[in-house]
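S.K.: So I've got this file, work18.pdb, and it contains PDB, C-alpha atoms, pLDDT in the B column:
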ATOM      1  CA  MET R   1     147.002  95.888  -4.035  1.00 51.00           C
ATOM      2  CA  SER R   2     149.420  94.193  -1.678  1.00 57.00           C
ATOM      3  CA  GLY R   3     148.448  93.393   1.893  1.00 64.00           C
ATOM      4  CA  SER R   4     151.868  94.311   3.303  1.00 72.00           C
ATOM      5  CA  LEU R   5     152.981  97.733   4.463  1.00 62.00           C
ATOM      6  CA  GLN R   6     156.430  99.107   3.840  1.00 69.00           C
ATOM      7  CA  ALA R   7     158.011 100.186   7.129  1.00 72.00           C
ATOM      8  CA  VAL R   8     161.221 102.165   7.219  1.00 76.00           C
ATOM      9  CA  ALA R   9     162.974 102.574  10.566  1.00 85.00           C
ATOM     10  CA  MET R  10     164.928 105.816  10.787  1.00 89.00           C
ATOM     11  CA  PRO R  11     168.497 105.767  12.116  1.00 93.00           C
ATOM     12  CA  ASP R  12     169.120 106.450  15.803  1.00 94.00           C
ATOM     13  CA  ALA R  13     170.374 110.038  15.543  1.00 95.00           C
ATOM     14  CA  GLU R  14     171.876 109.944  19.057  1.00 96.00           C
ATOM     15  CA  GLN R  15     174.052 106.914  18.264  1.00 97.00           C
ATOM     16  CA  VAL R  16     174.992 108.220  14.816  1.00 97.00           C
ATOM     17  CA  THR R  17     176.144 111.490  16.403  1.00 98.00           C
ATOM     18  CA  VAL R  18     178.120 109.756  19.154  1.00 98.00           C
ATOM     19  CA  ARG R  19     179.844 107.503  16.605  1.00 98.00           C
ATOM     20  CA  ILE R  20     180.745 110.518  14.446  1.00 98.00           C
ATOM     21  CA  LEU R  21     182.193 112.514  17.331  1.00 98.00           C
ATOM     22  CA  LYS R  22     184.123 109.886  19.333  1.00 98.00           C
ATOM     23  CA  PRO R  23     187.053 109.478  16.930  1.00 97.00           C
ATOM     24  CA  LEU R  24     187.161 113.179  16.005  1.00 97.00           C
ATOM     25  CA  LEU R  25     187.329 114.835  19.424  1.00 97.00           C
ATOM     26  CA  SER R  26     190.473 115.043  21.552  1.00 94.00           C
ATOM     27  CA  ALA R  27     191.657 111.826  23.148  1.00 93.00           C
ATOM     28  CA  GLY R  28     190.052 111.368  26.537  1.00 95.00           C
ATOM     29  CA  THR R  29     186.922 113.382  25.763  1.00 98.00           C
ATOM     30  CA  ILE R  30     183.946 111.420  27.033  1.00 98.00           C
ATOM     31  CA  VAL R  31     181.195 111.129  24.417  1.00 98.00           C
ATOM     32  CA  GLY R  32     177.913 109.334  25.081  1.00 98.00           C
ATOM     33  CA  THR R  33     174.175 109.661  25.494  1.00 98.00           C
ATOM     34  CA  GLU R  34     174.198 110.263  29.252  1.00 96.00           C
ATOM     35  CA  TRP R  35     176.428 112.071  31.710  1.00 96.00           C
ATOM     36  CA  PRO R  36     178.954 109.468  32.904  1.00 96.00           C
ATOM     37  CA  ALA R  37     179.050 108.241  36.482  1.00 96.00           C
ATOM     38  CA  GLY R  38     181.448 110.351  38.535  1.00 94.00           C
ATOM     39  CA  TRP R  39     181.305 113.084  35.890  1.00 94.00           C
ATOM     40  CA  GLU R  40     182.585 115.728  38.332  1.00 91.00           C
ATOM     41  CA  SER R  41     186.018 114.063  38.303  1.00 93.00           C
ATOM     42  CA  LYS R  42     186.093 113.851  34.481  1.00 95.00           C
ATOM     43  CA  LEU R  43     185.697 117.519  33.563  1.00 96.00           C
ATOM     44  CA  ASP R  44     189.376 117.978  32.620  1.00 96.00           C
ATOM     45  CA  ALA R  45     188.881 115.696  29.622  1.00 93.00           C
ATOM     46  CA  GLY R  46     185.574 117.292  28.628  1.00 98.00           C
ATOM     47  CA  ILE R  47     182.181 115.618  28.437  1.00 98.00           C
ATOM     48  CA  VAL R  48     179.779 115.542  25.486  1.00 98.00           C
ATOM     49  CA  SER R  49     176.325 114.059  26.123  1.00 98.00           C
ATOM     50  CA  VAL R  50     173.945 113.755  23.150  1.00 98.00           C
ATOM     51  CA  THR R  51     170.186 113.534  23.726  1.00 97.00           C
ATOM     52  CA  LEU R  52     167.389 113.398  21.183  1.00 94.00           C
ATOM     53  CA  GLY R  53     165.405 116.606  21.545  1.00 90.00           C
ATOM     54  CA  GLY R  54     162.557 115.852  19.187  1.00 78.00           C
ATOM     55  CA  GLY R  55     161.718 115.947  15.523  1.00 71.00           C
ATOM     56  CA  GLY R  56     159.573 114.135  13.065  1.00 66.00           C
ATOM     57  CA  SER R  57     159.288 113.102   9.459  1.00 63.00           C
ATOM     58  CA  ARG R  58     160.248 115.594   6.833  1.00 67.00           C
ATOM     59  CA  GLN R  59     159.280 113.429   3.851  1.00 66.00           C
ATOM     60  CA  LYS R  60     157.371 110.406   5.066  1.00 69.00           C
ATOM     61  CA  PRO R  61     158.816 107.691   5.035  1.00 73.00           C
ATOM     62  CA  VAL R  62     161.989 109.046   3.411  1.00 83.00           C
ATOM     63  CA  THR R  63     163.709 111.386   5.888  1.00 87.00           C
ATOM     64  CA  ALA R  64     163.512 112.396   9.524  1.00 89.00           C
ATOM     65  CA  ASP R  65     164.372 115.821  10.912  1.00 92.00           C
ATOM     66  CA  ARG R  66     165.969 115.272  14.325  1.00 94.00           C
ATOM     67  CA  THR R  67     166.862 117.810  16.995  1.00 96.00           C
ATOM     68  CA  LEU R  68     169.834 116.990  19.202  1.00 97.00           C
ATOM     69  CA  ASP R  69     170.404 118.596  22.603  1.00 97.00           C
ATOM     70  CA  ILE R  70     174.095 118.272  23.381  1.00 98.00           C
ATOM     71  CA  ASP R  71     175.383 118.987  26.898  1.00 98.00           C
ATOM     72  CA  ILE R  72     179.029 120.006  26.841  1.00 98.00           C
ATOM     73  CA  LEU R  73     180.898 120.217  30.121  1.00 98.00           C
ATOM     74  CA  GLY R  74     184.475 121.203  30.815  1.00 97.00           C
ATOM     75  CA  ALA R  75     186.842 122.254  33.570  1.00 96.00           C
ATOM     76  CA  THR R  76     186.666 125.891  32.407  1.00 96.00           C
ATOM     77  CA  LYS R  77     184.225 127.987  30.415  1.00 96.00           C
ATOM     78  CA  LYS R  78     186.786 128.387  27.596  1.00 97.00           C
ATOM     79  CA  GLN R  79     187.358 124.637  27.399  1.00 97.00           C
ATOM     80  CA  ALA R  80     183.598 123.959  27.254  1.00 98.00           C
ATOM     81  CA  ARG R  81     183.140 126.685  24.603  1.00 98.00           C
ATOM     82  CA  ASP R  82     185.989 125.354  22.461  1.00 98.00           C
ATOM     83  CA  LEU R  83     184.609 121.823  22.736  1.00 98.00           C
ATOM     84  CA  ALA R  84     181.137 123.059  21.720  1.00 98.00           C
ATOM     85  CA  ALA R  85     182.613 124.800  18.666  1.00 98.00           C
ATOM     86  CA  GLY R  86     184.412 121.600  17.670  1.00 98.00           C
ATOM     87  CA  VAL R  87     181.297 119.464  18.088  1.00 98.00           C
ATOM     88  CA  SER R  88     179.275 121.855  15.927  1.00 98.00           C
ATOM     89  CA  ALA R  89     181.956 121.984  13.225  1.00 98.00           C
ATOM     90  CA  HIS R  90     182.313 118.178  13.058  1.00 98.00           C
ATOM     91  CA  LEU R  91     178.561 117.651  12.768  1.00 98.00           C
ATOM     92  CA  ILE R  92     178.200 120.324  10.086  1.00 98.00           C
ATOM     93  CA  ALA R  93     181.083 118.672   8.193  1.00 98.00           C
ATOM     94  CA  ALA R  94     179.150 115.369   8.245  1.00 98.00           C
ATOM     95  CA  GLN R  95     176.422 116.890   6.068  1.00 97.00           C
ATOM     96  CA  GLY R  96     176.210 115.144   2.724  1.00 97.00           C
ATOM     97  CA  THR R  97     177.920 111.965   3.941  1.00 97.00           C
ATOM     98  CA  THR R  98     176.865 108.468   4.913  1.00 97.00           C
ATOM     99  CA  GLN R  99     177.840 107.671   8.484  1.00 94.00           C
ATOM    100  CA  HIS R 100     177.070 104.626  10.629  1.00 92.00           C
ATOM    101  CA  GLY R 101     173.909 103.549   8.813  1.00 92.00           C
ATOM    102  CA  ALA R 102     172.574 107.045   8.137  1.00 96.00           C
ATOM    103  CA  ARG R 103     172.615 109.350   5.156  1.00 96.00           C
ATOM    104  CA  ILE R 104     173.007 112.828   6.578  1.00 97.00           C
ATOM    105  CA  TYR R 105     171.435 115.709   4.707  1.00 93.00           C
ATOM    106  CA  GLY R 106     170.911 119.116   6.327  1.00 91.00           C
ATOM    107  CA  VAL R 107     172.843 119.858   9.527  1.00 97.00           C
ATOM    108  CA  GLU R 108     172.408 123.162  11.338  1.00 96.00           C
ATOM    109  CA  GLU R 109     173.416 124.721  14.624  1.00 97.00           C
ATOM    110  CA  THR R 110     170.158 125.944  16.136  1.00 96.00           C
ATOM    111  CA  SER R 111     171.533 127.491  19.312  1.00 97.00           C
ATOM    112  CA  LEU R 112     174.416 127.513  21.757  1.00 97.00           C
ATOM    113  CA  ILE R 113     173.406 128.429  25.304  1.00 96.00           C
ATOM    114  CA  TRP R 114     175.638 129.045  28.310  1.00 96.00           C
ATOM    115  CA  LEU R 115     173.823 127.100  31.016  1.00 93.00           C
ATOM    116  CA  PRO R 116     176.173 126.310  33.906  1.00 93.00           C
ATOM    117  CA  TYR R 117     175.176 123.353  36.031  1.00 92.00           C
ATOM    118  CA  GLN R 118     174.645 124.072  39.742  1.00 88.00           C
ATOM    119  CA  PRO R 119     174.939 120.722  41.572  1.00 82.00           C
ATOM    120  CA  SER R 120     174.037 122.233  44.956  1.00 82.00           C
ATOM    121  CA  ALA R 121     174.095 125.457  46.903  1.00 83.00           C
ATOM    122  CA  GLU R 122     177.405 124.458  48.523  1.00 82.00           C
ATOM    123  CA  THR R 123     179.361 124.021  45.290  1.00 79.00           C
ATOM    124  CA  ASP R 124     180.504 126.193  42.407  1.00 84.00           C
ATOM    125  CA  THR R 125     178.779 126.028  39.055  1.00 92.00           C
ATOM    126  CA  VAL R 126     180.186 123.619  36.478  1.00 94.00           C
ATOM    127  CA  PRO R 127     181.058 125.123  33.064  1.00 96.00           C
ATOM    128  CA  ARG R 128     178.370 123.865  30.690  1.00 97.00           C
ATOM    129  CA  TYR R 129     177.043 124.785  27.277  1.00 97.00           C
ATOM    130  CA  VAL R 130     173.948 123.303  25.694  1.00 97.00           C
ATOM    131  CA  LEU R 131     174.375 123.037  21.934  1.00 98.00           C
ATOM    132  CA  VAL R 132     171.226 122.395  19.920  1.00 97.00           C
ATOM    133  CA  MET R 133     171.741 120.943  16.444  1.00 97.00           C
ATOM    134  CA  SER R 134     169.279 119.759  13.823  1.00 96.00           C
ATOM    135  CA  MET R 135     170.027 116.927  11.426  1.00 95.00           C
ATOM    136  CA  VAL R 136     168.007 115.498   8.557  1.00 94.00           C
ATOM    137  CA  VAL R 137     168.682 111.771   8.197  1.00 94.00           C
ATOM    138  CA  ARG R 138     167.503 108.687   6.368  1.00 93.00           C
ATOM    139  CA  PRO R 139     168.606 105.071   6.400  1.00 93.00           C
ATOM    140  CA  ALA R 140     171.772 104.389   4.422  1.00 91.00           C
TER     141      ALA R 140
END
Turn this file's structure into structure tokens for me.
M.R.:
Amino acid sequence: MSGSLQAVAMPDAEQVTVRILKPLLSAGTIVGTEWPAGWESKLDAGIVSVTLGGGGSRQKPVTADRTLDIDILGATKKQARDLAAGVSAHLIAAQGTTQHGARIYGVEETSLIWLPYQPSAETDTVPRYVLVMSMVVRPA
């Protein structure tokens, strides 16, 4: 029996998702893992912020089942909704492909919630959807 353990680091699902979406969404759309500085002035272009929501191993140490919470902000509710639909469609289309160091297996839209952001009592709400996706990945 060998004294070494085999360790397999799973891909960073946040970064894989950002790298999939950036070239596919409309020019100017801000895609990242945090809301950008001065985000209030960038709503016309649309903002997509991907955050790891949880998950664990599906088949240890072969695949990981990751949940992604994706904040989608826009200048209008329709713009934010259309952007959310596009994000979901692009991620579902990535199923069965190898992207940015990850083999992507199952991709599902778990929920899409209208959750407008209220910065303060003195301002209007900001159009925001929270899209929750699940993705099964493994190293490429």
S.K.: I'd like the neighbourhood of region 107-114 of chain R as JSON, numbers by chain, where a residue qualifies if any of its atoms comes within 9 Å (using all atoms listed in the file), though same-chain residues fewer than 5 positions away should be ignored.
M.R.: {"R": [67, 77, 81, 84, 88, 91, 92, 93, 94, 95, 96, 127, 128, 129, 130, 131, 132, 133, 134, 135, 136]}
S.K.: Measure the distance from CA of Ala13 (chain R) to CA of Gly106 (chain R) in Å and round it to one decimal.
M.R.: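 CA of Gly106 (chain R) lies at a distance of 12.9 Å from CA of Ala13 (chain R).
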S.K.: Enter the distance from CA of Leu21 (chain R) to CA of Val48 (chain R), in Å, rounded to one decimal.
M.R.: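 Interatomic distance here is 9.0 Å.
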S.K.: So, with only C-alpha atoms as the atoms that count, which of R:Ala80, R:Val137, R:Ala9, R:Ile72 lies closest to Gly32 (chain R)?
M.R.: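 Under the stated criterion, the closest residue is R:Ile72.
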S.K.: Applied to the shown file, which residues does the PyMOL selection byres ((chain R and resi 138-140) around 7) return, written as an NGL selection string?
M.R.: :R and (10-11 or 62-64 or 98 or 101-104 or 137)
S.K.: Between CA of Leu73 (chain R) and CA of Ile47 (chain R), what distance in Å does the model show, to one decimal?
M.R.: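 If I compute the distance from CA of Leu73 (chain R) to CA of Ile47 (chain R), I get 5.1 Å.
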S.K.: Nearest to Gly54 (chain R) among R:Leu24, R:Val31, R:Glu40, R:Asp12, with distances taken over only C-alpha atoms: which residue is it?
M.R.: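 Closest to Gly54 (chain R) of all the choices is R:Asp12.
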S.K.: Which of these residues is nearest to Gly74 (chain R), using all atoms listed in the file: R:Leu52, R:Ala121, R:Leu43, R:Leu115?
M.R.: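 Of R:Leu52, R:Ala121, R:Leu43, R:Leu115, the one nearest Gly74 (chain R) is R:Leu43, counting all atoms listed in the file.
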S.K.: Which one of R:Leu25, R:Ala45, R:Ile30, R:Val126 sits closest to Ala85 (chain R) if you count all atoms listed in the file?
M.R.: R:Leu25
S.K.: Using all atoms listed in the file, which residue out of R:Ser4, R:Thr33, R:Ser49, R:Gln99 lies closest to Leu83 (chain R)?
M.R.: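 Selected residue with least distance to Leu83 (chain R): R:Ser49.
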